[in-house]
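Engineer: Enclosed is the structure file entry14.pdb (PDB, C-alpha atoms).
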```
MODEL        1
ATOM      1  CA  MET A  26      20.560 -22.417  -5.465
ATOM      2  CA  THR A  27      18.604 -20.818  -8.293
ATOM      3  CA  VAL A  28      15.051 -19.503  -7.957
ATOM      4  CA  LEU A  29      12.440 -18.461 -10.489
ATOM      5  CA  SER A  30      12.040 -14.679 -10.295
ATOM      6  CA  LEU A  31      10.317 -11.838 -12.115
ATOM      7  CA  ARG A  32      13.177  -9.509 -12.995
ATOM      8  CA  PHE A  33      12.681  -5.864 -13.899
ATOM      9  CA  HIS A  34      15.221  -4.749 -16.536
ATOM     10  CA  GLY A  35      13.755  -1.311 -17.260
ATOM     11  CA  PRO A  36      10.474   0.282 -18.383
ATOM     12  CA  GLY A  37       8.378  -2.207 -20.321
ATOM     13  CA  ASP A  38      10.841  -5.038 -19.657
ATOM     14  CA  LEU A  39       9.806  -7.672 -17.106
ATOM     15  CA  ARG A  40      11.338 -11.129 -17.531
ATOM     16  CA  SER A  41      10.829 -14.498 -15.901
ATOM     17  CA  GLU A  42      14.332 -15.752 -15.111
ATOM     18  CA  ARG A  43      16.109 -18.245 -12.931
ATOM     19  CA  VAL A  44      18.697 -16.406 -10.837
ATOM     20  CA  ASP A  45      21.105 -17.348  -8.066
ATOM     21  CA  LEU A  46      19.661 -16.686  -4.632
ATOM     22  CA  ARG A  47      22.231 -14.594  -2.783
ATOM     23  CA  SER A  48      23.875 -16.032   0.283
ATOM     24  CA  MET A  49      22.269 -15.279   3.632
ATOM     25  CA  GLY A  50      24.288 -12.992   5.888
ATOM     26  CA  PRO A  51      24.304 -12.543   9.691
ATOM     27  CA  GLY A  52      20.900 -11.556  11.025
ATOM     28  CA  GLU A  53      19.147 -12.508   7.799
ATOM     29  CA  VAL A  54      16.536 -15.126   6.941
ATOM     30  CA  VAL A  55      15.421 -16.926   3.786
ATOM     31  CA  VAL A  56      11.667 -16.815   3.193
ATOM     32  CA  ALA A  57       9.927 -19.292   0.909
ATOM     33  CA  VAL A  58       7.372 -16.996  -0.712
ATOM     34  CA  GLU A  59       3.792 -18.257  -0.541
ATOM     35  CA  ALA A  60       2.158 -15.084  -1.894
ATOM     36  CA  CYS A  61       3.317 -11.684  -3.144
ATOM     37  CA  GLY A  62       1.042  -8.803  -4.056
ATOM     38  CA  VAL A  63       1.503  -6.600  -7.113
ATOM     39  CA  CYS A  64       1.328  -2.980  -5.995
ATOM     40  CA  GLY A  65       0.631   0.118  -8.035
ATOM     41  CA  SER A  66       4.258   1.169  -7.592
ATOM     42  CA  ASP A  67       5.363  -2.030  -9.363
ATOM     43  CA  LEU A  68       3.247  -0.945 -12.323
ATOM     44  CA  HIS A  69       4.772   2.556 -12.188
ATOM     45  CA  PHE A  70       8.254   1.056 -12.584
ATOM     46  CA  LEU A  71       7.060  -0.821 -15.645
ATOM     47  CA  ASP A  72       5.438   2.211 -17.284
ATOM     48  CA  GLY A  73       8.520   4.347 -16.606
ATOM     49  CA  SER A  74       6.934   6.807 -14.166
ATOM     50  CA  ALA A  75       9.033   5.591 -11.208
ATOM     51  CA  ARG A  76      12.459   4.039 -10.763
ATOM     52  CA  THR A  77      14.115   1.298  -8.753
ATOM     53  CA  ARG A  78      17.586   1.827  -7.293
ATOM     54  CA  HIS A  79      19.156  -0.409  -9.939
ATOM     55  CA  VAL A  80      18.292  -2.890 -12.671
ATOM     56  CA  PRO A  81      17.895  -5.741 -13.024
ATOM     57  CA  ILE A  82      16.012  -6.316  -9.796
ATOM     58  CA  THR A  83      13.305  -8.688  -8.591
ATOM     59  CA  LEU A  84      10.156  -6.672  -7.865
ATOM     60  CA  GLY A  85       7.584  -7.260  -5.126
ATOM     61  CA  HIS A  86       7.214  -5.836  -1.618
ATOM     62  CA  GLU A  87       3.956  -7.408  -0.369
ATOM     63  CA  ILE A  88       5.368 -10.734   0.797
ATOM     64  CA  ALA A  89       3.972 -13.549   2.918
ATOM     65  CA  GLY A  90       5.662 -16.899   3.375
ATOM     66  CA  ARG A  91       7.563 -19.221   5.668
ATOM     67  CA  ILE A  92      11.121 -19.047   6.996
ATOM     68  CA  VAL A  93      13.208 -21.890   5.577
ATOM     69  CA  GLU A  94      16.666 -20.735   6.739
ATOM     70  CA  SER A  95      17.611 -18.393   9.570
ATOM     71  CA  ALA A  96      20.762 -16.610  10.707
ATOM     72  CA  ASP A  97      18.714 -14.485  13.111
ATOM     73  CA  PRO A  98      18.284 -16.005  16.585
ATOM     74  CA  SER A  99      14.901 -14.286  16.877
ATOM     75  CA  TRP A 100      13.419 -16.438  14.097
ATOM     76  CA  ASN A 101      13.083 -20.201  13.800
ATOM     77  CA  VAL A 102      12.769 -22.218  10.621
ATOM     78  CA  GLY A 103       9.120 -22.937   9.908
ATOM     79  CA  ALA A 104       7.702 -19.643  11.189
ATOM     80  CA  ASP A 105       4.819 -18.184   9.156
ATOM     81  CA  VAL A 106       5.677 -14.560   8.438
ATOM     82  CA  VAL A 107       5.175 -11.436   6.406
ATOM     83  CA  VAL A 108       8.005  -9.155   5.290
ATOM     84  CA  ALA A 109       7.795  -5.418   5.957
ATOM     85  CA  ALA A 110       7.875  -3.313   2.814
ATOM     86  CA  GLY A 111      10.698  -1.172   4.221
ATOM     87  CA  VAL A 112      13.875  -1.889   6.164
ATOM     88  CA  THR A 113      14.837   0.864   8.590
ATOM     89  CA  CYS A 114      18.199   1.804  10.088
ATOM     90  CA  GLY A 115      16.984   2.180  13.687
ATOM     91  CA  SER A 116      19.454   4.962  14.483
ATOM     92  CA  CYS A 117      18.527   8.098  12.530
ATOM     93  CA  LEU A 118      16.502  10.957  14.055
ATOM     94  CA  ALA A 119      13.259   9.681  12.539
ATOM     95  CA  CYS A 120      13.756   6.157  13.868
ATOM     96  CA  LEU A 121      14.726   7.448  17.315
ATOM     97  CA  ALA A 122      11.541   9.539  17.294
ATOM     98  CA  ASP A 123       9.490   6.369  16.555
ATOM     99  CA  ARG A 124       8.741   7.517  12.994
ATOM    100  CA  GLU A 125      10.436   4.680  11.168
ATOM    101  CA  MET A 126       8.282   5.137   8.066
ATOM    102  CA  ILE A 127      10.361   8.228   7.216
ATOM    103  CA  CYS A 128      13.718   6.702   8.160
ATOM    104  CA  GLU A 129      16.572   8.698   6.615
ATOM    105  CA  ARG A 130      18.185   5.497   5.329
ATOM    106  CA  LEU A 131      15.027   3.551   4.512
ATOM    107  CA  GLU A 132      15.501   0.720   2.013
ATOM    108  CA  MET A 133      12.489  -0.726   0.229
ATOM    109  CA  THR A 134      12.007  -4.399  -0.575
ATOM    110  CA  GLY A 135      11.769  -4.934  -4.331
ATOM    111  CA  ILE A 136      12.987  -1.383  -4.984
ATOM    112  CA  ASP A 137      16.386  -1.114  -3.302
ATOM    113  CA  PHE A 138      17.058  -4.858  -3.074
ATOM    114  CA  ASP A 139      15.483  -8.010  -4.531
ATOM    115  CA  GLY A 140      11.859  -8.540  -3.608
ATOM    116  CA  GLY A 141       9.282 -11.269  -3.382
ATOM    117  CA  LEU A 142       8.067 -11.944  -6.924
ATOM    118  CA  ALA A 143      10.190 -15.069  -6.701
ATOM    119  CA  GLU A 144      10.208 -18.508  -5.146
ATOM    120  CA  ARG A 145      12.454 -17.380  -2.286
ATOM    121  CA  VAL A 146      13.821 -14.112  -0.945
ATOM    122  CA  VAL A 147      16.609 -13.181   1.496
ATOM    123  CA  VAL A 148      15.712 -10.381   3.919
ATOM    124  CA  PRO A 149      16.938  -8.983   7.247
ATOM    125  CA  GLY A 150      15.351 -10.733  10.200
ATOM    126  CA  LYS A 151      14.362  -7.347  11.620
ATOM    127  CA  ALA A 152      12.088  -6.841   8.598
ATOM    128  CA  VAL A 153      10.024  -9.934   9.391
ATOM    129  CA  LEU A 154       6.756 -10.042  11.359
ATOM    130  CA  ALA A 155       4.778 -13.042  12.579
ATOM    131  CA  ARG A 156       1.691 -14.008  10.567
ATOM    132  CA  PRO A 157      -1.370 -15.137  12.531
ATOM    133  CA  GLN A 158      -2.456 -18.684  11.691
ATOM    134  CA  ALA A 159      -5.973 -17.434  10.946
ATOM    135  CA  VAL A 160      -4.734 -15.229   8.082
ATOM    136  CA  PRO A 161      -3.922 -17.045   4.804
ATOM    137  CA  ALA A 162      -0.720 -16.031   3.038
ATOM    138  CA  GLU A 163      -2.454 -14.310   0.106
ATOM    139  CA  VAL A 164      -4.545 -12.216   2.505
ATOM    140  CA  ALA A 165      -1.581 -11.441   4.763
ATOM    141  CA  ALA A 166       0.361 -10.155   1.750
ATOM    142  CA  THR A 167      -2.221  -7.387   1.304
ATOM    143  CA  ALA A 168      -1.712  -6.267   4.903
ATOM    144  CA  VAL A 169       1.981  -5.489   4.433
ATOM    145  CA  ASP A 170       1.495  -2.425   2.243
ATOM    146  CA  ALA A 171      -2.105  -1.799   1.176
ATOM    147  CA  GLY A 172      -3.613  -2.475   4.591
ATOM    148  CA  ALA A 173      -0.912  -0.958   6.765
ATOM    149  CA  THR A 174      -0.466   2.123   4.561
ATOM    150  CA  ALA A 175      -4.215   2.769   4.723
ATOM    151  CA  PHE A 176      -4.195   2.258   8.500
ATOM    152  CA  HIS A 177      -1.325   4.707   8.928
ATOM    153  CA  ALA A 178      -3.113   7.311   6.789
ATOM    154  CA  VAL A 179      -6.538   7.016   8.451
ATOM    155  CA  VAL A 180      -5.561   6.416  12.081
ATOM    156  CA  CYS A 181      -2.111   7.951  12.537
ATOM    157  CA  ARG A 182      -2.096  10.882  10.131
ATOM    158  CA  ALA A 183      -5.768  11.839   9.631
ATOM    159  CA  GLN A 184      -6.541  10.819  13.242
ATOM    160  CA  VAL A 185     -10.148  10.175  12.295
ATOM    161  CA  GLU A 186     -12.540  10.447  15.248
ATOM    162  CA  PRO A 187     -15.975   8.858  15.766
ATOM    163  CA  GLY A 188     -18.697  10.789  13.967
ATOM    164  CA  GLU A 189     -16.372  12.554  11.537
ATOM    165  CA  ALA A 190     -17.163  12.641   7.828
ATOM    166  CA  VAL A 191     -14.452  11.031   5.698
ATOM    167  CA  LEU A 192     -13.839  11.074   1.952
ATOM    168  CA  ILE A 193     -11.758   8.289   0.392
ATOM    169  CA  ILE A 194     -10.471   9.082  -3.120
ATOM    170  CA  GLY A 195      -9.444   5.915  -4.942
ATOM    171  CA  ALA A 196     -11.247   2.631  -4.252
ATOM    172  CA  GLY A 197      -8.452   0.186  -5.095
ATOM    173  CA  GLY A 198      -6.592  -2.013  -2.627
ATOM    174  CA  LEU A 199      -5.631   0.855  -0.298
ATOM    175  CA  GLY A 200      -9.007   2.521  -0.578
ATOM    176  CA  SER A 201     -10.801  -0.739   0.191
ATOM    177  CA  PHE A 202      -8.878  -0.983   3.440
ATOM    178  CA  GLY A 203      -9.256   2.748   4.106
ATOM    179  CA  ILE A 204     -13.058   2.526   3.983
ATOM    180  CA  GLN A 205     -13.156  -0.271   6.529
ATOM    181  CA  ILE A 206     -10.585   1.294   8.843
ATOM    182  CA  ALA A 207     -12.493   4.585   8.856
ATOM    183  CA  ARG A 208     -15.709   2.702   9.661
ATOM    184  CA  ALA A 209     -13.957   0.735  12.411
ATOM    185  CA  GLY A 210     -12.959   4.076  13.937
ATOM    186  CA  GLY A 211     -16.560   5.283  13.967
ATOM    187  CA  ALA A 212     -16.408   7.651  10.976
ATOM    188  CA  ALA A 213     -19.772   8.589   9.456
ATOM    189  CA  PRO A 214     -20.458   9.091   6.679
ATOM    190  CA  VAL A 215     -17.672   7.442   4.704
ATOM    191  CA  ILE A 216     -17.804   8.672   1.102
ATOM    192  CA  VAL A 217     -15.807   7.066  -1.717
ATOM    193  CA  ALA A 218     -14.889   8.613  -5.083
ATOM    194  CA  ASP A 219     -13.560   6.684  -8.069
ATOM    195  CA  SER A 220     -13.818   6.701 -11.863
ATOM    196  CA  ASP A 221     -14.501   2.947 -12.032
ATOM    197  CA  PRO A 222     -18.135   1.884 -11.404
ATOM    198  CA  ALA A 223     -16.990  -1.640 -10.523
ATOM    199  CA  ALA A 224     -14.627  -0.250  -7.887
ATOM    200  CA  LEU A 225     -17.470   1.769  -6.382
ATOM    201  CA  GLU A 226     -19.648  -1.325  -6.290
ATOM    202  CA  ARG A 227     -16.890  -3.119  -4.378
ATOM    203  CA  ALA A 228     -16.656  -0.085  -2.055
ATOM    204  CA  GLN A 229     -20.318  -0.454  -1.183
ATOM    205  CA  GLY A 230     -19.578  -4.049  -0.212
ATOM    206  CA  ARG A 231     -16.958  -2.664   2.183
ATOM    207  CA  ARG A 232     -19.635  -0.490   3.853
ATOM    208  CA  ALA A 233     -19.151   2.841   2.107
ATOM    209  CA  ASP A 234     -22.104   5.113   2.936
ATOM    210  CA  GLU A 235     -22.019   7.139  -0.286
ATOM    211  CA  THR A 236     -20.145   6.930  -3.591
ATOM    212  CA  ILE A 237     -19.157   9.487  -6.202
ATOM    213  CA  LEU A 238     -18.609   8.321  -9.781
ATOM    214  CA  VAL A 239     -15.914  10.552 -11.247
ATOM    215  CA  GLU A 240     -16.679  11.373 -14.879
ATOM    216  CA  ALA A 241     -15.790  14.266 -17.177
ATOM    217  CA  GLY A 242     -16.879  17.456 -15.441
ATOM    218  CA  THR A 243     -17.388  15.862 -12.011
ATOM    219  CA  SER A 244     -16.372  18.058  -9.091
ATOM    220  CA  ILE A 245     -15.498  15.674  -6.257
ATOM    221  CA  GLY A 246     -15.317  18.568  -3.811
ATOM    222  CA  ARG A 247     -18.750  19.894  -4.712
ATOM    223  CA  ALA A 248     -20.279  16.409  -4.613
ATOM    224  CA  ALA A 249     -18.749  15.718  -1.191
ATOM    225  CA  LYS A 250     -20.092  18.992   0.203
ATOM    226  CA  LEU A 251     -23.579  18.201  -1.095
ATOM    227  CA  LEU A 252     -23.453  14.841   0.695
ATOM    228  CA  THR A 253     -22.417  16.427   4.002
ATOM    229  CA  SER A 254     -23.107  19.579   5.954
ATOM    230  CA  GLY A 255     -20.548  21.673   4.120
ATOM    231  CA  GLY A 256     -17.666  19.271   3.644
ATOM    232  CA  VAL A 257     -15.728  16.412   5.205
ATOM    233  CA  ASP A 258     -13.476  16.436   8.222
ATOM    234  CA  ALA A 259     -10.837  14.301   6.518
ATOM    235  CA  ALA A 260     -10.184  13.596   2.834
ATOM    236  CA  ILE A 261      -7.696  10.822   2.121
ATOM    237  CA  GLU A 262      -6.230  10.638  -1.388
ATOM    238  CA  PHE A 263      -4.898   7.245  -2.485
ATOM    239  CA  VAL A 264      -4.415   8.031  -6.207
ATOM    240  CA  GLY A 265      -1.332  10.247  -6.446
ATOM    241  CA  ARG A 266      -2.601  12.787  -8.980
ATOM    242  CA  ALA A 267      -2.541  16.560  -8.605
ATOM    243  CA  ALA A 268      -6.198  16.851  -9.627
ATOM    244  CA  THR A 269      -7.446  14.364  -7.053
ATOM    245  CA  LEU A 270      -5.364  15.849  -4.250
ATOM    246  CA  ASP A 271      -6.744  19.286  -5.177
ATOM    247  CA  ALA A 272     -10.226  17.731  -5.032
ATOM    248  CA  ALA A 273      -9.472  16.378  -1.562
ATOM    249  CA  VAL A 274      -8.593  19.871  -0.358
ATOM    250  CA  LYS A 275     -11.715  21.363  -1.935
ATOM    251  CA  SER A 276     -13.950  18.790  -0.246
ATOM    252  CA  LEU A 277     -12.991  19.941   3.265
ATOM    253  CA  ARG A 278     -15.118  21.805   5.744
ATOM    254  CA  PRO A 279     -13.356  24.542   7.782
ATOM    255  CA  GLY A 280     -10.764  22.928  10.035
ATOM    256  CA  GLY A 281     -10.539  19.829   7.844
ATOM    257  CA  ARG A 282      -7.422  17.968   6.803
ATOM    258  CA  ALA A 283      -6.411  16.404   3.513
ATOM    259  CA  ILE A 284      -4.019  13.446   3.527
ATOM    260  CA  ALA A 285      -1.706  12.797   0.570
ATOM    261  CA  VAL A 286      -0.987   9.058   0.335
ATOM    262  CA  GLY A 287      -0.794   8.334  -3.393
ATOM    263  CA  VAL A 288       2.715   8.676  -4.788
ATOM    264  CA  GLY A 289       2.845  10.869  -7.896
ATOM    265  CA  MET A 290       5.175  13.349  -9.556
ATOM    266  CA  GLU A 291       2.758  16.105 -10.636
ATOM    267  CA  PRO A 292       3.176  19.453  -8.843
ATOM    268  CA  LEU A 293       0.154  20.514  -6.822
ATOM    269  CA  THR A 294      -1.819  23.668  -7.614
ATOM    270  CA  THR A 295      -4.738  24.359  -5.313
ATOM    271  CA  LEU A 296      -6.413  27.053  -3.201
ATOM    272  CA  PRO A 297      -4.867  30.491  -2.567
ATOM    273  CA  PRO A 298      -3.185  31.061   0.828
ATOM    274  CA  VAL A 299      -6.012  33.252   2.150
ATOM    275  CA  LEU A 300      -8.411  30.298   2.072
ATOM    276  CA  TRP A 301      -5.909  28.027   3.826
ATOM    277  CA  ALA A 302      -5.497  30.606   6.569
ATOM    278  CA  ARG A 303      -9.160  31.580   6.862
ATOM    279  CA  ASN A 304     -10.383  27.960   7.027
ATOM    280  CA  GLU A 305      -7.408  26.483   8.894
ATOM    281  CA  TYR A 306      -7.111  23.655   6.401
ATOM    282  CA  ALA A 307      -4.288  21.134   6.840
ATOM    283  CA  LEU A 308      -2.498  19.133   4.148
ATOM    284  CA  LEU A 309      -0.498  16.182   5.508
ATOM    285  CA  GLY A 310       1.640  13.553   3.859
ATOM    286  CA  SER A 311       1.399   9.891   4.820
ATOM    287  CA  PHE A 312       4.054   7.408   3.747
ATOM    288  CA  GLY A 313       4.037   3.671   4.288
ATOM    289  CA  SER A 314       3.549   2.410   7.799
ATOM    290  CA  HIS A 315       5.053   1.519  11.153
ATOM    291  CA  ARG A 316       5.549  -2.138  12.143
ATOM    292  CA  ARG A 317       2.740  -1.835  14.666
ATOM    293  CA  ASP A 318       0.397  -0.695  11.868
ATOM    294  CA  VAL A 319       1.084  -3.964  10.036
ATOM    295  CA  GLU A 320       0.525  -5.909  13.248
ATOM    296  CA  GLN A 321      -2.812  -4.179  13.878
ATOM    297  CA  VAL A 322      -4.055  -4.851  10.345
ATOM    298  CA  LEU A 323      -3.076  -8.523  10.640
ATOM    299  CA  GLU A 324      -4.919  -8.716  13.959
ATOM    300  CA  TRP A 325      -8.048  -7.159  12.438
ATOM    301  CA  LEU A 326      -7.886  -9.504   9.463
ATOM    302  CA  ALA A 327      -7.638 -12.423  11.879
ATOM    303  CA  ASP A 328     -10.641 -11.380  13.978
ATOM    304  CA  GLY A 329     -12.827 -10.294  11.045
ATOM    305  CA  THR A 330     -12.773  -6.542  11.686
ATOM    306  CA  LEU A 331     -11.265  -6.159   8.201
ATOM    307  CA  GLN A 332     -11.792  -8.023   4.956
ATOM    308  CA  ALA A 333      -9.041  -8.185   2.357
ATOM    309  CA  PRO A 334      -9.684  -6.505  -0.995
ATOM    310  CA  ASP A 335     -10.992  -8.713  -3.768
ATOM    311  CA  LEU A 336      -8.057 -10.863  -4.855
ATOM    312  CA  GLU A 337      -6.997 -12.227  -8.231
ATOM    313  CA  ARG A 338      -4.513 -15.048  -7.778
ATOM    314  CA  ILE A 339      -2.089 -15.936 -10.575
ATOM    315  CA  PRO A 340       0.862 -18.377 -10.685
ATOM    316  CA  LEU A 341       4.429 -17.034 -10.735
ATOM    317  CA  GLU A 342       5.160 -18.879 -13.964
ATOM    318  CA  GLY A 343       3.742 -16.722 -16.750
ATOM    319  CA  ALA A 344       2.855 -13.824 -14.426
ATOM    320  CA  GLU A 345       5.052 -11.408 -16.369
ATOM    321  CA  ASP A 346       2.606 -11.295 -19.293
ATOM    322  CA  ILE A 347      -0.369 -10.560 -17.051
ATOM    323  CA  ILE A 348       1.491  -7.885 -15.073
ATOM    324  CA  MET A 349       2.780  -6.186 -18.229
ATOM    325  CA  ALA A 350      -0.739  -6.150 -19.706
ATOM    326  CA  LEU A 351      -2.038  -4.542 -16.503
ATOM    327  CA  ALA A 352       0.766  -1.942 -16.489
ATOM    328  CA  GLY A 353       0.049  -1.071 -20.110
ATOM    329  CA  GLY A 354      -3.676  -0.627 -19.526
ATOM    330  CA  HIS A 355      -4.509  -3.589 -21.752
ATOM    331  CA  ARG A 356      -6.140  -5.623 -19.001
ATOM    332  CA  PRO A 357      -8.667  -4.598 -16.346
ATOM    333  CA  ALA A 358      -7.810  -4.963 -12.678
ATOM    334  CA  THR A 359     -10.452  -7.283 -11.248
ATOM    335  CA  GLY A 360      -8.906  -7.291  -7.781
ATOM    336  CA  ARG A 361      -5.598  -7.039  -5.965
ATOM    337  CA  LEU A 362      -3.209  -9.153  -8.046
ATOM    338  CA  ILE A 363      -1.540 -11.836  -5.909
ATOM    339  CA  VAL A 364       1.274 -13.941  -7.373
ATOM    340  CA  ILE A 365       1.538 -17.483  -6.003
ATOM    341  CA  PRO A 366       4.944 -19.201  -6.590
TER     342      PRO A 366
ENDMDL
END
```
Step by step, read the file and then write its structure as structure tokens.

Structural biologist:
Amino acid sequence: MTVLSLRFHGPGDLRSERVDLRSMGPGEVVVAVEACGVCGSDLHFLDGSARTRHVPITLGHEIAGRIVESADPSWNVGADVVVAAGVTCGSCLACLADREMICERLEMTGIDFDGGLAERVVVPGKAVLARPQAVPAEVAATAVDAGATAFHAVVCRAQVEPGEAVLIIGAGGLGSFGIQIARAGGAAPVIVADSDPAALERAQGRRADETILVEAGTSIGRAAKLLTSGGVDAAIEFVGRAATLDAAVKSLRPGGRAIAVGVGMEPLTTLPPVLWARNEYALLGSFGSHRRDVEQVLEWLADGTLQAPDLERIPLEGAEDIIMALAGGHRPATGRLIVIP
């Protein structure tokens, strides 16, 4: 059968096409996509700053839908599901150490194989997770990457404790979740820095204690230290720029840790080694999430502990023009873009 898909053919080239849905193999399922989020990495492919494994390819790795065919005995037709952003091998050293997010043979949905900006998608059954009935598809789609990646950064890597001061740099979809997850863990204060006043206003609605508007000449580190007693315990950077990661480091109090989550290609230049040693700073990477992180975020969305970011829903037909305008900076992001087939 053919399905309508958004196909990436190279930088600046996103096309709406009908393509043959590949045949389902053993252990795989076919998911009828009900919602698929547009992530910042999708925009990076379009602007040429990141690459997929091959082209053309159907983008999209924040997928929620319903199983319509199954060759995996663990999954029945009709199940409401989400699809994990990454498919792991289960046998490498990282997987055996329960660190599947850094699997040596990790394959990413919509990057290494066709993703969910389409009417249907074929994925391994092991990549599928149950979706609670209380969580609508468009909300569940945000949990797969934005929510779970933020959870992994705040809880698993930063290991934020009650009463610790936390700085969130970047108040987009990940940052919106990061604020709430830090608050759920008892962090105080939670400070948010962003260059977009509207994003900071949304952050206040997600219970940020303080905000920092980043303008020309703004020192995020200095501002964070003025808002705390000498710096934050954890600074979590969701942007992926060298300057903002440097700012995260410079916002720390002695013994603090900076978490690099945003994916960027700029080399980092920051403090001299003597200050790292003297203050026992830590800089940690955080990539993606574990399956249980996704499950926890879905559970918190179901019980109201978390709210999804503001959403902008658009139909699959014609979505290529809107996504290209967003990637080219010709259209403001008014919320997490969710494509509805």

Engineer: Evaluate the PyMOL selection byres ((chain A and resi 348) around 10) against this structure - the residues, as a list in words, please.

Structural biologist: Leu39, Val63, Asp67, Leu68, Leu71, Ile339, Gly343, Ala344, Glu345, Asp346, Ile347, Met349, Ala350, Leu351, Ala352, Gly353, Gly354, His355, Arg356, Leu362 and Val364 of chain A

Engineer: By how many Å are atom CA of A:Val93 and atom CA of A:Val55 apart?

Structural biologist: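 We find that atom CA of A:Val93 and atom CA of A:Val55 lie 5.7 Å from each other.
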
Engineer: For atom CA of A:Val215 and atom CA of A:Ala267, determine how far apart the two atoms are, in Å to one decimal place.

Structural biologist: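 Atom-to-atom, atom CA of A:Val215 to atom CA of A:Ala267, that is 22.1 Å.
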
Engineer: Give me the result of the PyMOL selection byres ((chain A and resi 258-263) around 8) on this file, residue by residue, as an MDAnalysis selection string.

Structural biologist: chainID A and resid 178:179 183 185 189:195 199:200 256:257 264:265 269:270 273:274 276:278 280:287

Engineer: What does the file look like for those residues with C-alpha atoms, as a CSV table (one decimal), in the coordinates of the input?

Structural biologist:
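File written: result.csv
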```
chain,number,residue,atom,x,y,z
A,178,ALA,CA,-3.1,7.3,6.8
A,179,VAL,CA,-6.5,7.0,8.5
A,183,ALA,CA,-5.8,11.8,9.6
A,185,VAL,CA,-10.1,10.2,12.3
A,189,GLU,CA,-16.4,12.6,11.5
A,190,ALA,CA,-17.2,12.6,7.8
A,191,VAL,CA,-14.5,11.0,5.7
A,192,LEU,CA,-13.8,11.1,2.0
A,193,ILE,CA,-11.8,8.3,0.4
A,194,ILE,CA,-10.5,9.1,-3.1
A,195,GLY,CA,-9.4,5.9,-4.9
A,199,LEU,CA,-5.6,0.9,-0.3
A,200,GLY,CA,-9.0,2.5,-0.6
A,256,GLY,CA,-17.7,19.3,3.6
A,257,VAL,CA,-15.7,16.4,5.2
A,264,VAL,CA,-4.4,8.0,-6.2
A,265,GLY,CA,-1.3,10.2,-6.4
A,269,THR,CA,-7.4,14.4,-7.1
A,270,LEU,CA,-5.4,15.8,-4.2
A,273,ALA,CA,-9.5,16.4,-1.6
A,274,VAL,CA,-8.6,19.9,-0.4
A,276,SER,CA,-14.0,18.8,-0.2
A,277,LEU,CA,-13.0,19.9,3.3
A,278,ARG,CA,-15.1,21.8,5.7
A,280,GLY,CA,-10.8,22.9,10.0
A,281,GLY,CA,-10.5,19.8,7.8
A,282,ARG,CA,-7.4,18.0,6.8
A,283,ALA,CA,-6.4,16.4,3.5
A,284,ILE,CA,-4.0,13.4,3.5
A,285,ALA,CA,-1.7,12.8,0.6
A,286,VAL,CA,-1.0,9.1,0.3
A,287,GLY,CA,-0.8,8.3,-3.4
```

Engineer: Could you state which residues are captured by the PyMOL selection byres ((chain A and resi 175) around 9) in this file, as a ChimeraX atom specification?

Structural biologist: /A:170-174,176-180,199-204,206,263,286,313-314

Engineer: Could you tell me how far atom CA of A:Ala119 lies from atom CA of A:Leu131, in Å and to one decimal?

Structural biologist: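 Between atom CA of A:Ala119 and atom CA of A:Leu131 the gap works out to 10.3 Å.
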
Engineer: Can you list, as a tab-separated table (two decimals) with C-alpha atoms, in the coordinates of the input, every protein, DNA or RNA residue that comes within 12 Å of A:Phe138 when you count all atoms listed in the file, leaving out same-chain residues fewer than 6 positions away?

Structural biologist:
```tsv
chain	number	residue	atom	x	y	z
A	32	ARG	CA	13.18	-9.51	-13.00
A	33	PHE	CA	12.68	-5.86	-13.90
A	47	ARG	CA	22.23	-14.59	-2.78
A	77	THR	CA	14.12	1.30	-8.75
A	78	ARG	CA	17.59	1.83	-7.29
A	79	HIS	CA	19.16	-0.41	-9.94
A	80	VAL	CA	18.29	-2.89	-12.67
A	81	PRO	CA	17.90	-5.74	-13.02
A	82	ILE	CA	16.01	-6.32	-9.80
A	83	THR	CA	13.30	-8.69	-8.59
A	84	LEU	CA	10.16	-6.67	-7.86
A	85	GLY	CA	7.58	-7.26	-5.13
A	86	HIS	CA	7.21	-5.84	-1.62
A	110	ALA	CA	7.88	-3.31	2.81
A	111	GLY	CA	10.70	-1.17	4.22
A	112	VAL	CA	13.88	-1.89	6.16
A	131	LEU	CA	15.03	3.55	4.51
A	132	GLU	CA	15.50	0.72	2.01
A	146	VAL	CA	13.82	-14.11	-0.94
A	147	VAL	CA	16.61	-13.18	1.50
A	148	VAL	CA	15.71	-10.38	3.92
A	149	PRO	CA	16.94	-8.98	7.25
```

Engineer: Identify which of the residues A:Val108, A:Trp301, A:Arg145, A:Leu336 lies closest to A:Pro366, counting all atoms listed in the file when measuring atom-to-atom distances.

Structural biologist: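 Checking each of A:Val108, A:Trp301, A:Arg145, A:Leu336 against A:Pro366, counting all atoms listed in the file, the winner is A:Arg145.
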